[in-house]
Each structure stands twice: as C-alpha cells, then as structure tokens.
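Enquirer: Please find structure_17.txt (compact mmCIF, C-alpha atoms) on the next line:
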```txt
# COMPACT_ATOMS: atom_id res chain seq x y z
CA MET A 789 0.00 0.00 0.00
CA ASP A 790 1.56 3.22 -1.15
CA CYS A 791 -0.92 5.60 0.43
CA ALA A 792 0.35 7.18 3.65
CA PHE A 793 -3.14 7.57 5.09
CA CYS A 794 -4.32 4.09 4.10
CA SER A 795 -1.28 2.91 6.05
CA VAL A 796 -2.42 4.86 9.11
CA VAL A 797 -5.95 3.50 8.74
CA ALA A 798 -4.57 -0.05 8.47
CA GLY A 799 -2.44 0.48 11.57
CA ASP A 800 0.80 -0.03 9.66
CA THR A 801 1.97 3.51 10.30
CA ARG A 802 1.85 4.74 13.87
CA ALA A 803 -0.37 7.75 14.51
CA ASP A 804 -2.07 9.42 17.43
CA ILE A 805 -5.61 8.25 16.83
CA VAL A 806 -8.47 10.55 17.80
CA LEU A 807 -11.29 8.45 16.42
CA ASP A 808 -11.54 5.08 14.73
CA GLU A 809 -14.99 4.36 13.34
CA PRO A 810 -16.45 2.31 10.50
CA ASP A 811 -16.43 5.09 7.91
CA TYR A 812 -13.92 7.63 9.20
CA VAL A 813 -10.64 7.74 11.08
CA GLY A 814 -9.15 10.81 12.78
CA PHE A 815 -5.56 11.31 13.89
CA LEU A 816 -3.19 14.11 14.78
CA ASP A 817 -1.31 15.89 12.03
CA LYS A 818 2.35 15.34 12.86
CA ARG A 819 3.19 18.95 12.00
CA PRO A 820 0.25 20.81 13.46
CA VAL A 821 -0.64 24.39 12.70
CA PHE A 822 -1.65 24.39 16.36
CA LYS A 823 -1.46 21.47 18.73
CA GLY A 824 -4.51 19.29 18.44
CA HIS A 825 -4.70 19.80 14.65
CA THR A 826 -6.54 16.69 13.52
CA LEU A 827 -6.92 15.05 10.13
CA VAL A 828 -10.16 13.22 9.39
CA VAL A 829 -10.03 10.71 6.54
CA PRO A 830 -12.47 8.21 5.06
CA ARG A 831 -11.41 4.68 5.92
CA GLU A 832 -11.62 3.71 2.28
CA HIS A 833 -9.16 5.21 -0.17
CA VAL A 834 -10.87 8.26 -1.66
CA PRO A 835 -8.33 10.40 -3.55
CA THR A 836 -10.03 13.81 -3.42
CA LEU A 837 -13.18 15.50 -2.21
CA LEU A 838 -14.59 15.09 -5.71
CA ASP A 839 -14.33 11.33 -5.37
CA LEU A 840 -16.24 11.00 -2.10
CA PRO A 841 -19.28 8.79 -2.82
CA PRO A 842 -22.72 10.03 -1.77
CA ALA A 843 -23.04 7.34 0.88
CA LEU A 844 -20.21 9.02 2.81
CA HIS A 845 -21.36 12.63 2.42
CA ALA A 846 -23.46 13.05 5.53
CA GLY A 847 -20.92 11.21 7.64
CA LEU A 848 -18.13 13.57 6.64
CA VAL A 849 -20.04 16.55 7.99
CA ALA A 850 -21.14 14.75 11.12
CA VAL A 851 -17.65 13.55 12.01
CA THR A 852 -16.17 16.96 11.28
CA GLN A 853 -18.74 18.60 13.56
CA ARG A 854 -17.79 16.17 16.33
CA VAL A 855 -14.07 16.87 15.95
CA VAL A 856 -14.70 20.64 15.91
CA SER A 857 -16.69 20.26 19.12
CA ALA A 858 -13.93 18.12 20.60
CA VAL A 859 -11.19 20.69 19.98
CA MET A 860 -13.39 23.29 21.66
CA THR A 861 -14.49 21.25 24.67
CA GLY A 862 -11.40 19.06 24.97
CA LEU A 863 -8.71 21.64 24.33
CA GLY A 864 -10.52 24.83 25.25
CA ALA A 865 -10.33 26.28 21.76
CA GLN A 866 -12.76 29.09 20.98
CA GLY A 867 -13.39 27.86 17.47
CA ALA A 868 -11.87 25.89 14.66
CA PHE A 869 -10.70 26.14 11.12
CA THR A 870 -11.67 23.27 8.83
CA ALA A 871 -10.18 22.94 5.38
CA ILE A 872 -9.79 20.55 2.50
CA ASN A 873 -7.26 20.91 -0.29
CA THR A 874 -8.30 19.40 -3.59
CA VAL A 875 -5.36 18.48 -5.85
CA VAL A 876 -3.31 21.68 -5.40
CA SER A 877 -1.54 21.70 -2.01
CA GLN A 878 -3.04 18.29 -1.28
CA SER A 879 0.07 16.62 0.09
CA VAL A 880 -1.45 13.16 0.40
CA PRO A 881 -3.86 11.99 -2.33
CA HIS A 882 -6.32 10.55 0.18
CA LEU A 883 -9.10 12.97 1.11
CA HIS A 884 -8.44 14.58 4.48
CA VAL A 885 -10.20 17.30 6.42
CA HIS A 886 -7.94 19.51 8.50
CA VAL A 887 -9.51 20.55 11.79
CA VAL A 888 -7.35 23.22 13.44
CA PRO A 889 -8.16 24.59 16.92
CA ARG A 890 -8.52 28.37 16.87
CA THR A 891 -8.30 31.00 19.58
CA LYS A 892 -8.70 34.72 19.04
CA GLY A 893 -5.34 36.36 18.61
CA ASP A 894 -3.61 33.06 17.87
CA GLY A 895 -1.76 34.66 14.99
CA LEU A 896 -3.44 32.63 12.28
CA ARG A 897 -4.41 35.55 10.12
CA GLY A 898 -4.96 32.91 7.63
CA PHE A 899 -4.49 32.43 4.02
CA PHE A 900 -7.31 34.86 3.57
CA TRP A 901 -4.97 37.76 3.01
CA PRO A 902 -4.24 39.49 0.81
CA ARG A 903 -7.56 39.62 -0.95
CA THR A 904 -8.02 40.92 -4.44
CA THR A 905 -10.96 42.71 -6.04
CA TYR A 906 -12.85 42.47 -9.29
CA ALA A 907 -12.09 45.23 -11.80
CA ASP A 908 -15.76 46.11 -11.99
CA ALA A 909 -19.24 44.68 -11.66
CA GLU A 910 -19.09 43.26 -15.18
CA GLU A 911 -16.00 41.22 -14.41
CA ALA A 912 -17.60 39.77 -11.29
CA ALA A 913 -20.79 38.95 -13.17
CA ALA A 914 -18.76 37.21 -15.87
CA TYR A 915 -17.03 35.01 -13.29
CA ALA A 916 -20.35 34.10 -11.69
CA ALA A 917 -21.82 33.27 -15.08
CA LYS A 918 -18.86 31.05 -15.97
CA LEU A 919 -19.23 29.17 -12.70
CA ALA A 920 -22.99 28.85 -12.99
CA GLY A 921 -22.57 27.55 -16.51
CA ALA A 922 -20.01 24.98 -15.44
CA LEU A 923 -22.06 23.71 -12.53
CA ALA A 924 -23.19 20.12 -12.85
CA PRO A 925 -26.88 19.58 -12.19
CA PRO A 926 -27.76 18.38 -8.70
CA SER A 927 -27.64 14.63 -8.31
CA PRO A 928 -31.14 13.15 -8.37
CA SER A 929 -30.26 11.42 -5.11
CA ALA A 930 -29.40 14.72 -3.39
CA MET B 354 -33.00 40.83 8.97
CA ASP B 355 -29.60 41.55 10.42
CA CYS B 356 -27.73 38.68 8.78
CA ALA B 357 -25.71 39.72 5.74
CA PHE B 358 -26.01 36.31 4.10
CA CYS B 359 -29.72 35.90 4.81
CA SER B 360 -30.07 39.21 3.02
CA VAL B 361 -28.22 37.83 -0.01
CA VAL B 362 -30.36 34.67 0.08
CA ALA B 363 -33.51 36.79 0.23
CA GLY B 364 -32.33 38.90 -2.70
CA ASP B 365 -32.26 42.07 -0.60
CA THR B 366 -28.48 42.46 -0.98
CA ARG B 367 -27.10 42.23 -4.49
CA ALA B 368 -24.62 39.44 -5.10
CA ASP B 369 -23.17 37.57 -8.04
CA ILE B 370 -25.12 34.35 -7.73
CA VAL B 371 -23.45 31.11 -8.76
CA LEU B 372 -26.21 28.77 -7.67
CA ASP B 373 -29.65 29.18 -6.17
CA GLU B 374 -31.22 25.92 -5.06
CA PRO B 375 -33.71 24.81 -2.43
CA ASP B 376 -31.16 24.08 0.30
CA TYR B 377 -28.04 26.02 -0.70
CA VAL B 378 -27.11 29.28 -2.35
CA GLY B 379 -23.67 30.13 -3.78
CA PHE B 380 -22.34 33.56 -4.64
CA LEU B 381 -19.03 35.29 -5.22
CA ASP B 382 -17.05 36.57 -2.27
CA LYS B 383 -16.74 40.30 -2.88
CA ARG B 384 -13.10 40.28 -1.79
CA PRO B 385 -11.83 37.07 -3.34
CA VAL B 386 -8.59 35.36 -2.45
CA PHE B 387 -8.58 34.55 -6.16
CA LYS B 388 -11.23 35.53 -8.66
CA GLY B 389 -14.04 33.03 -8.70
CA HIS B 390 -13.83 32.53 -4.90
CA THR B 391 -17.33 31.40 -4.05
CA LEU B 392 -19.23 31.21 -0.78
CA VAL B 393 -21.77 28.43 -0.34
CA VAL B 394 -24.38 28.98 2.37
CA PRO B 395 -27.43 27.09 3.54
CA ARG B 396 -30.58 28.96 2.58
CA GLU B 397 -31.80 28.78 6.15
CA HIS B 398 -29.96 30.71 8.83
CA VAL B 399 -27.46 28.29 10.35
CA PRO B 400 -24.95 30.18 12.52
CA THR B 401 -21.99 27.78 12.46
CA LEU B 402 -20.98 24.39 11.13
CA LEU B 403 -21.91 22.93 14.51
CA ASP B 404 -25.50 24.04 13.99
CA LEU B 405 -26.03 22.43 10.60
CA PRO B 406 -28.88 19.93 11.01
CA PRO B 407 -28.39 16.35 9.79
CA ALA B 408 -30.90 16.78 6.98
CA LEU B 409 -28.51 19.26 5.34
CA HIS B 410 -25.27 17.30 5.84
CA ALA B 411 -25.13 15.33 2.62
CA GLY B 412 -26.22 18.33 0.60
CA LEU B 413 -23.37 20.45 1.90
CA VAL B 414 -20.80 17.99 0.58
CA ALA B 415 -22.61 17.49 -2.72
CA VAL B 416 -22.94 21.20 -3.43
CA THR B 417 -19.34 21.84 -2.43
CA GLN B 418 -18.18 19.10 -4.79
CA ARG B 419 -20.14 20.71 -7.61
CA VAL B 420 -18.66 24.15 -6.96
CA VAL B 421 -15.14 22.70 -6.76
CA SER B 422 -15.73 21.01 -10.11
CA ALA B 423 -17.12 24.25 -11.52
CA VAL B 424 -14.06 26.30 -10.59
CA MET B 425 -11.91 23.66 -12.26
CA THR B 426 -13.94 23.21 -15.44
CA GLY B 427 -15.37 26.72 -15.65
CA LEU B 428 -12.29 28.72 -14.71
CA GLY B 429 -9.53 26.29 -15.58
CA ALA B 430 -8.31 25.98 -12.01
CA GLN B 431 -6.16 22.94 -11.25
CA GLY B 432 -7.73 22.42 -7.85
CA ALA B 433 -9.49 24.20 -5.06
CA PHE B 434 -9.20 25.10 -1.43
CA THR B 435 -12.35 24.69 0.62
CA ALA B 436 -12.58 26.03 4.14
CA ILE B 437 -15.01 26.79 6.92
CA ASN B 438 -14.28 29.04 9.88
CA THR B 439 -16.18 28.19 13.02
CA VAL B 440 -16.58 31.15 15.41
CA VAL B 441 -12.99 32.43 15.28
CA SER B 442 -12.36 34.33 12.01
CA GLN B 443 -15.95 33.67 11.01
CA SER B 444 -16.79 37.15 9.76
CA VAL B 445 -20.49 36.46 9.18
CA PRO B 446 -22.32 34.24 11.67
CA HIS B 447 -24.11 32.30 8.95
CA LEU B 448 -22.32 29.11 7.96
CA HIS B 449 -20.39 29.55 4.72
CA VAL B 450 -18.00 27.33 2.82
CA HIS B 451 -15.22 29.14 1.02
CA VAL B 452 -14.34 27.55 -2.33
CA VAL B 453 -11.17 29.13 -3.69
CA PRO B 454 -9.79 28.21 -7.13
CA ARG B 455 -6.20 27.03 -6.93
CA THR B 456 -3.40 26.78 -9.46
CA LYS B 457 0.10 25.52 -8.77
CA GLY B 458 2.41 28.40 -8.03
CA ASP B 459 -0.46 30.79 -7.35
CA GLY B 460 1.33 32.06 -4.26
CA LEU B 461 -1.22 30.77 -1.78
CA ARG B 462 1.25 29.05 0.48
CA GLY B 463 -1.60 29.05 2.80
CA PHE B 464 -2.16 29.40 6.40
CA PHE B 465 -0.45 26.09 6.78
CA TRP B 466 2.86 27.66 7.64
CA PRO B 467 4.55 27.86 9.95
CA ARG B 468 3.85 24.51 11.49
CA THR B 469 4.78 23.58 15.01
CA THR B 470 5.77 20.25 16.51
CA TYR B 471 4.90 18.28 19.60
CA ALA B 472 7.58 18.28 22.28
CA ASP B 473 7.61 14.50 22.29
CA ALA B 474 5.46 11.46 21.66
CA GLU B 475 3.89 11.74 25.09
CA GLU B 476 2.65 15.23 24.44
CA ALA B 477 1.09 14.18 21.15
CA ALA B 478 -0.54 11.17 22.78
CA ALA B 479 -1.95 13.40 25.50
CA TYR B 480 -3.55 15.69 22.93
CA ALA B 481 -5.05 12.76 21.08
CA ALA B 482 -6.43 11.34 24.32
CA LYS B 483 -7.99 14.67 25.27
CA LEU B 484 -9.68 14.89 21.90
CA ALA B 485 -10.85 11.30 21.92
CA GLY B 486 -12.24 11.81 25.40
CA ALA B 487 -14.11 14.95 24.36
CA LEU B 488 -15.61 13.38 21.26
CA ALA B 489 -19.38 13.07 21.32
CA PRO B 490 -20.68 9.63 20.39
CA PRO B 491 -21.82 9.22 16.78
CA SER B 492 -25.40 10.20 16.18
CA PRO B 493 -27.63 7.14 15.93
CA SER B 494 -28.89 8.56 12.64
CA ALA B 495 -25.39 8.76 11.17
```
Here is a file; write its structure as structure tokens.

Expert:
Amino acid sequence: MDCAFCSVVAGDTRADIVLDEPDYVGFLDKRPVFKGHTLVVPREHVPTLLDLPPALHAGLVAVTQRVVSAVMTGLGAQGAFTAINTVVSQSVPHLHVHVVPRTKGDGLRGFFWPRTTYADAEEAAAYAAKLAGALAPPSPSA
Amino acid sequence: MDCAFCSVVAGDTRADIVLDEPDYVGFLDKRPVFKGHTLVVPREHVPTLLDLPPALHAGLVAVTQRVVSAVMTGLGAQGAFTAINTVVSQSVPHLHVHVVPRTKGDGLRGFFWPRTTYADAEEAAAYAAKLAGALAPPSPSA
C-alpha cells in the first residue's frame, strides 16, 4: 500500500488516533498548525473530495462537527478552522479534512490575506456566469 | 433581517449568484482570495458548522463538490481550497463554505505555515487522548 493515510488506517503507520470508526478515522497531524490539529479521513481510499461517494457525504459533515466540538471542549479552543485541499496543495492523495483549533489572537491571520478585487461589476458577473454555466446539475439522489 | 447572508439569500443584498437551489445558495465573495472565490451557504440561517442539522449534511458535501468542479472546469483551475471558519475568524455568523480556485504556483502558500511540533510522543498522545475523550458519540442517525 503506497498511500500514507491508508497505512495509518490499516495500523501499519503509527499515529495518534483521535477516532476510529467504521467510515472515518481521525488522527493528529504530525506537524500541526496548532497542537490538536486533527486530520479526518475516510477509511476507504478516496483520492479527493470530488471522489467521495454520496453514501459518505453526511458522515463527513457529522464527524467533522464532532471533531470541531472536541477541539473546543477538549482543548478549550474558541473555534476551529476546517479545510480541505483538492489536488493543489493536497500533500497526500487521500481525502483529508484539516480541523485546526482556533483562539482569538492566535496569529493565524490565515491564508485569507491578501484579498483581491474584481475590476468592476461586469467582471464579477462574468465570473459568476462562468461558474454557474459549469455547474453540474444536482444529483437526483441529493 | 440583520444577517448579511440571509439578506443575499432573500435577494435584498445584491450578489453575483453562482447557484440558487432549495437548500443552498452560492455567490461570489466580494473580496476574493482569487477571482471566482465562491461562498456556499445554507438557505436557512445556520450560525456555524456545529449548527447544521443532519438533513442538510449530505447536501453540503454534494454542493461543495459541484462548486469545486465548476471552478476547475469553468475557470480552468487545477484544484481548489475549501474552508469553513467556526466562530474564530468567522466574519459572518451564517455558515459559509469558502471555495477558492487554486493553481500551482499561485502564491497561496496558505495558512499552513509555519507549522509547530509536539515536544515528544507523550505530548502528542496526551492531545489525542484529550480529543478522543471529548468526542461526542456518533449520532444514531449517522
């Protein structure tokens, strides 16, 4: 097995396990943004968010909610940052949700700066139209 | 209505709409990290990720997948960054998923640096144990 996270799930690579459940496994990131930074992964090998099958959709949100609550109640964090990289900056090609404990003034200004702006309203409208046009229809099962 | 995103959903505040569906609405962030940066919000007022009811869980993942695909196919992005702030850094107290188009070398090193490390294996194990101990049991409906 060449996947680093499948190896953690299988128990072949040591990790600090936070949760071990039928559909999802959570463990500490070895290089945390802040201590307690947890990665939540589907037990099965799912390369990216786009590949997550519908049967696992609701569970991803539920398990992420529980880990966010746990960093707040268990570590005293005031909030959390949750993030998923798809393809770019995705260091391991096995879907993982980062859950990072947050506290006001913790210095994580975040990747959210600097921001840019649209040249004008027409440019923004053109971007929205491109995205709307590229949007797949909702799944009939959704 | 005091909520900025409820106002967008209601059509009272102008926004560049990417999708408008029964459960979720997507629109451009006015100050994008990169152009095409979209916010996905539940139509109903849900303050934080922790408040999202189970009936909306699967839909959140499905709609996020579709927007990630749209920034890739519609804007030619190579990937995407998706993120949710809970409480800390959450500028509007109405749950919103950021979907940011990503391209290799786009300069978004991300909030993921600098990283820290655990002092030793015992410290890491203690964090994992605190989190595991604080974890709510899975919902019986999950």

Enquirer: For Gly867 in chain A, which residue out of A:Val888, A:Val813, A:Leu883, A:Ala843 is the nearest one, using all atoms listed in the file?

Expert: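 The answer is A:Val888, which sits nearest to Gly867 in chain A.
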
Enquirer: Could you write out as lines of an AutoDock Vina configuration file the box around range 846-854 of chain A (axis-aligned, all atoms listed in the file, 8 Å on each side), with centre and edge lengths in Å to one decimal?

Expert:
```
center_x = -19.8
center_y = 14.9
center_z = 10.9
size_x = 23.3
size_y = 23.4
size_z = 26.8
```

Enquirer: Which residues come within 9 Å of Gly864 in chain A, counting only C-alpha atoms, excluding same-chain residues fewer than 4 positions away, as a list in words?

Expert: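 So, after excluding close chain neighbours, the residues are Ala858, Val859, Met860, Pro889 and Thr891 of chain A.
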
Enquirer: Determine, for each residue of chain B having at least one atom at most 6 Å from an atom of chain A, the closest pair of atoms and their separation in Å to one decimal, counting only C-alpha atoms; order by chain and ascending number, as a Markdown table.

Expert:
```
| residue | atom | partner | partner_atom | distance |
| --- | --- | --- | --- | --- |
| B:Asp369 | CA | A:Ala916 | CA | 5.8 |
| B:Val371 | CA | A:Ala920 | CA | 4.8 |
| B:Arg384 | CA | A:Thr905 | CA | 5.3 |
| B:Pro385 | CA | A:Arg903 | CA | 5.5 |
| B:Val386 | CA | A:Arg903 | CA | 4.6 |
| B:Gly389 | CA | A:Tyr915 | CA | 5.8 |
| B:Leu403 | CA | A:Gln853 | CA | 5.4 |
| B:His410 | CA | A:Ala846 | CA | 4.6 |
| B:Ala411 | CA | A:Ala846 | CA | 4.1 |
| B:Val414 | CA | A:His845 | CA | 5.7 |
| B:Gln418 | CA | A:Leu838 | CA | 5.5 |
| B:Ala423 | CA | A:Ala922 | CA | 4.9 |
| B:Gly427 | CA | A:Ala922 | CA | 5.0 |
| B:Gly432 | CA | A:Val875 | CA | 5.0 |
| B:Ala433 | CA | A:Thr874 | CA | 5.2 |
| B:Phe434 | CA | A:Asn873 | CA | 4.8 |
| B:Thr435 | CA | A:Ile872 | CA | 5.2 |
| B:Ala436 | CA | A:Ala871 | CA | 4.1 |
| B:Ile437 | CA | A:Thr870 | CA | 5.2 |
| B:Asn438 | CA | A:Phe869 | CA | 4.8 |
| B:Thr439 | CA | A:Ala868 | CA | 5.2 |
| B:Val440 | CA | A:Gly867 | CA | 5.0 |
| B:Val441 | CA | A:Gly867 | CA | 5.1 |
| B:Gly463 | CA | A:Phe899 | CA | 4.6 |
| B:Phe464 | CA | A:Phe899 | CA | 4.5 |
| B:Arg468 | CA | A:Val821 | CA | 4.7 |
| B:Thr469 | CA | A:Pro820 | CA | 5.5 |
| B:Thr470 | CA | A:Arg819 | CA | 5.4 |
| B:Ala478 | CA | A:Asp804 | CA | 5.8 |
| B:Tyr480 | CA | A:Gly824 | CA | 5.8 |
| B:Ala481 | CA | A:Val806 | CA | 5.2 |
| B:Lys483 | CA | A:Gly862 | CA | 5.6 |
| B:Leu484 | CA | A:Gly862 | CA | 5.5 |
| B:Ala485 | CA | A:Val806 | CA | 4.8 |
| B:Ala487 | CA | A:Ala858 | CA | 4.9 |
| B:Leu488 | CA | A:Ala858 | CA | 5.1 |
```

Enquirer: Kindly indicate which residue among B:Gly460, B:Pro375, B:Gly364, B:Pro493 lies nearest to Glu397 in chain B, using only C-alpha atoms for the distances.

Expert: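 Residue with the minimum atom-to-atom distance to Glu397 in chain B: B:Pro375.
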
Enquirer: Could you work out how far CA of Asp811 in chain A lies from CA of Val880 in chain A, giving the answer in Å with one decimal?

Expert: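 Here the two named atoms are 18.6 Å from each other.
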
Enquirer: If you measure from CA of His447 in chain B to CA of Ser360 in chain B, what distance in Å do you get, rounded to one decimal?

Expert: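 About the pair CA of His447 in chain B and CA of Ser360 in chain B: they are 10.9 Å apart.
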
Enquirer: CA of Val796 in chain A and CA of Ala472 in chain B are how many Å apart?

Expert: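 Atom-to-atom, CA of Val796 in chain A to CA of Ala472 in chain B, that is 21.3 Å.
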
Enquirer: Would you mind completing range 472-483 of chain B so that it carries all heavy atoms, and writing it out as a PDB file, keeping the file's coordinate frame?

Expert:
```
ATOM      1  N   ALA B 472       6.316  18.397  21.553  1.00  0.00           N
ATOM      2  CA  ALA B 472       7.580  18.280  22.280  1.00  0.00           C
ATOM      3  C   ALA B 472       8.115  16.853  22.222  1.00  0.00           C
ATOM      4  O   ALA B 472       9.309  16.628  22.041  1.00  0.00           O
ATOM      5  CB  ALA B 472       7.383  18.709  23.747  1.00  0.00           C
ATOM      6  N   ASP B 473       7.201  15.900  22.338  1.00  0.00           N
ATOM      7  CA  ASP B 473       7.610  14.500  22.290  1.00  0.00           C
ATOM      8  C   ASP B 473       6.364  13.649  22.054  1.00  0.00           C
ATOM      9  O   ASP B 473       5.242  14.166  21.979  1.00  0.00           O
ATOM     10  CB  ASP B 473       8.319  14.093  23.590  1.00  0.00           C
ATOM     11  CG  ASP B 473       7.511  14.461  24.832  1.00  0.00           C
ATOM     12  OD1 ASP B 473       6.265  14.459  24.771  1.00  0.00           O
ATOM     13  OD2 ASP B 473       8.129  14.775  25.871  1.00  0.00           O
ATOM     14  N   ALA B 474       6.580  12.367  21.957  1.00  0.00           N
ATOM     15  CA  ALA B 474       5.460  11.460  21.660  1.00  0.00           C
ATOM     16  C   ALA B 474       4.409  11.498  22.751  1.00  0.00           C
ATOM     17  O   ALA B 474       3.210  11.357  22.486  1.00  0.00           O
ATOM     18  CB  ALA B 474       5.991  10.037  21.472  1.00  0.00           C
ATOM     19  N   GLU B 475       4.846  11.720  23.983  1.00  0.00           N
ATOM     20  CA  GLU B 475       3.890  11.740  25.090  1.00  0.00           C
ATOM     21  C   GLU B 475       2.954  12.936  24.966  1.00  0.00           C
ATOM     22  O   GLU B 475       1.765  12.838  25.247  1.00  0.00           O
ATOM     23  CB  GLU B 475       4.628  11.794  26.444  1.00  0.00           C
ATOM     24  CG  GLU B 475       5.285  10.477  26.843  1.00  0.00           C
ATOM     25  CD  GLU B 475       6.426  10.055  25.920  1.00  0.00           C
ATOM     26  OE1 GLU B 475       7.139  10.946  25.378  1.00  0.00           O
ATOM     27  OE2 GLU B 475       6.604   8.841  25.707  1.00  0.00           O
ATOM     28  N   GLU B 476       3.517  14.071  24.576  1.00  0.00           N
ATOM     29  CA  GLU B 476       2.650  15.230  24.440  1.00  0.00           C
ATOM     30  C   GLU B 476       1.613  14.998  23.343  1.00  0.00           C
ATOM     31  O   GLU B 476       0.422  15.320  23.508  1.00  0.00           O
ATOM     32  CB  GLU B 476       3.452  16.505  24.129  1.00  0.00           C
ATOM     33  CG  GLU B 476       2.553  17.741  24.178  1.00  0.00           C
ATOM     34  CD  GLU B 476       3.213  19.013  23.683  1.00  0.00           C
ATOM     35  OE1 GLU B 476       3.982  18.973  22.706  1.00  0.00           O
ATOM     36  OE2 GLU B 476       2.951  20.073  24.288  1.00  0.00           O
ATOM     37  N   ALA B 477       2.036  14.451  22.238  1.00  0.00           N
ATOM     38  CA  ALA B 477       1.090  14.180  21.150  1.00  0.00           C
ATOM     39  C   ALA B 477       0.018  13.195  21.623  1.00  0.00           C
ATOM     40  O   ALA B 477      -1.174  13.399  21.384  1.00  0.00           O
ATOM     41  CB  ALA B 477       1.835  13.633  19.932  1.00  0.00           C
ATOM     42  N   ALA B 478       0.429  12.166  22.301  1.00  0.00           N
ATOM     43  CA  ALA B 478      -0.540  11.170  22.780  1.00  0.00           C
ATOM     44  C   ALA B 478      -1.533  11.795  23.749  1.00  0.00           C
ATOM     45  O   ALA B 478      -2.721  11.444  23.756  1.00  0.00           O
ATOM     46  CB  ALA B 478       0.201  10.002  23.440  1.00  0.00           C
ATOM     47  N   ALA B 479      -1.062  12.737  24.558  1.00  0.00           N
ATOM     48  CA  ALA B 479      -1.950  13.400  25.500  1.00  0.00           C
ATOM     49  C   ALA B 479      -2.996  14.247  24.779  1.00  0.00           C
ATOM     50  O   ALA B 479      -4.165  14.277  25.169  1.00  0.00           O
ATOM     51  CB  ALA B 479      -1.138  14.264  26.472  1.00  0.00           C
ATOM     52  N   TYR B 480      -2.584  14.908  23.724  1.00  0.00           N
ATOM     53  CA  TYR B 480      -3.550  15.690  22.930  1.00  0.00           C
ATOM     54  C   TYR B 480      -4.590  14.768  22.292  1.00  0.00           C
ATOM     55  O   TYR B 480      -5.789  15.045  22.300  1.00  0.00           O
ATOM     56  CB  TYR B 480      -2.838  16.519  21.868  1.00  0.00           C
ATOM     57  CG  TYR B 480      -2.450  17.898  22.363  1.00  0.00           C
ATOM     58  CD1 TYR B 480      -1.280  18.099  23.093  1.00  0.00           C
ATOM     59  CD2 TYR B 480      -3.263  19.001  22.117  1.00  0.00           C
ATOM     60  CE1 TYR B 480      -0.926  19.355  23.555  1.00  0.00           C
ATOM     61  CE2 TYR B 480      -2.923  20.269  22.572  1.00  0.00           C
ATOM     62  CZ  TYR B 480      -1.748  20.434  23.295  1.00  0.00           C
ATOM     63  OH  TYR B 480      -1.415  21.680  23.753  1.00  0.00           O
ATOM     64  N   ALA B 481      -4.113  13.679  21.720  1.00  0.00           N
ATOM     65  CA  ALA B 481      -5.050  12.760  21.080  1.00  0.00           C
ATOM     66  C   ALA B 481      -6.041  12.197  22.099  1.00  0.00           C
ATOM     67  O   ALA B 481      -7.237  12.063  21.825  1.00  0.00           O
ATOM     68  CB  ALA B 481      -4.297  11.634  20.376  1.00  0.00           C
ATOM     69  N   ALA B 482      -5.549  11.905  23.281  1.00  0.00           N
ATOM     70  CA  ALA B 482      -6.430  11.340  24.320  1.00  0.00           C
ATOM     71  C   ALA B 482      -7.461  12.369  24.769  1.00  0.00           C
ATOM     72  O   ALA B 482      -8.633  12.032  25.006  1.00  0.00           O
ATOM     73  CB  ALA B 482      -5.596  10.862  25.506  1.00  0.00           C
ATOM     74  N   LYS B 483      -7.030  13.617  24.895  1.00  0.00           N
ATOM     75  CA  LYS B 483      -7.990  14.670  25.270  1.00  0.00           C
ATOM     76  C   LYS B 483      -9.088  14.783  24.229  1.00  0.00           C
ATOM     77  O   LYS B 483     -10.269  14.946  24.552  1.00  0.00           O
ATOM     78  CB  LYS B 483      -7.283  16.024  25.369  1.00  0.00           C
ATOM     79  CG  LYS B 483      -6.701  16.330  26.726  1.00  0.00           C
ATOM     80  CD  LYS B 483      -6.244  17.803  26.751  1.00  0.00           C
ATOM     81  CE  LYS B 483      -5.165  18.009  27.776  1.00  0.00           C
ATOM     82  NZ  LYS B 483      -4.595  19.362  27.728  1.00  0.00           N
TER      83      LYS B 483
END
```
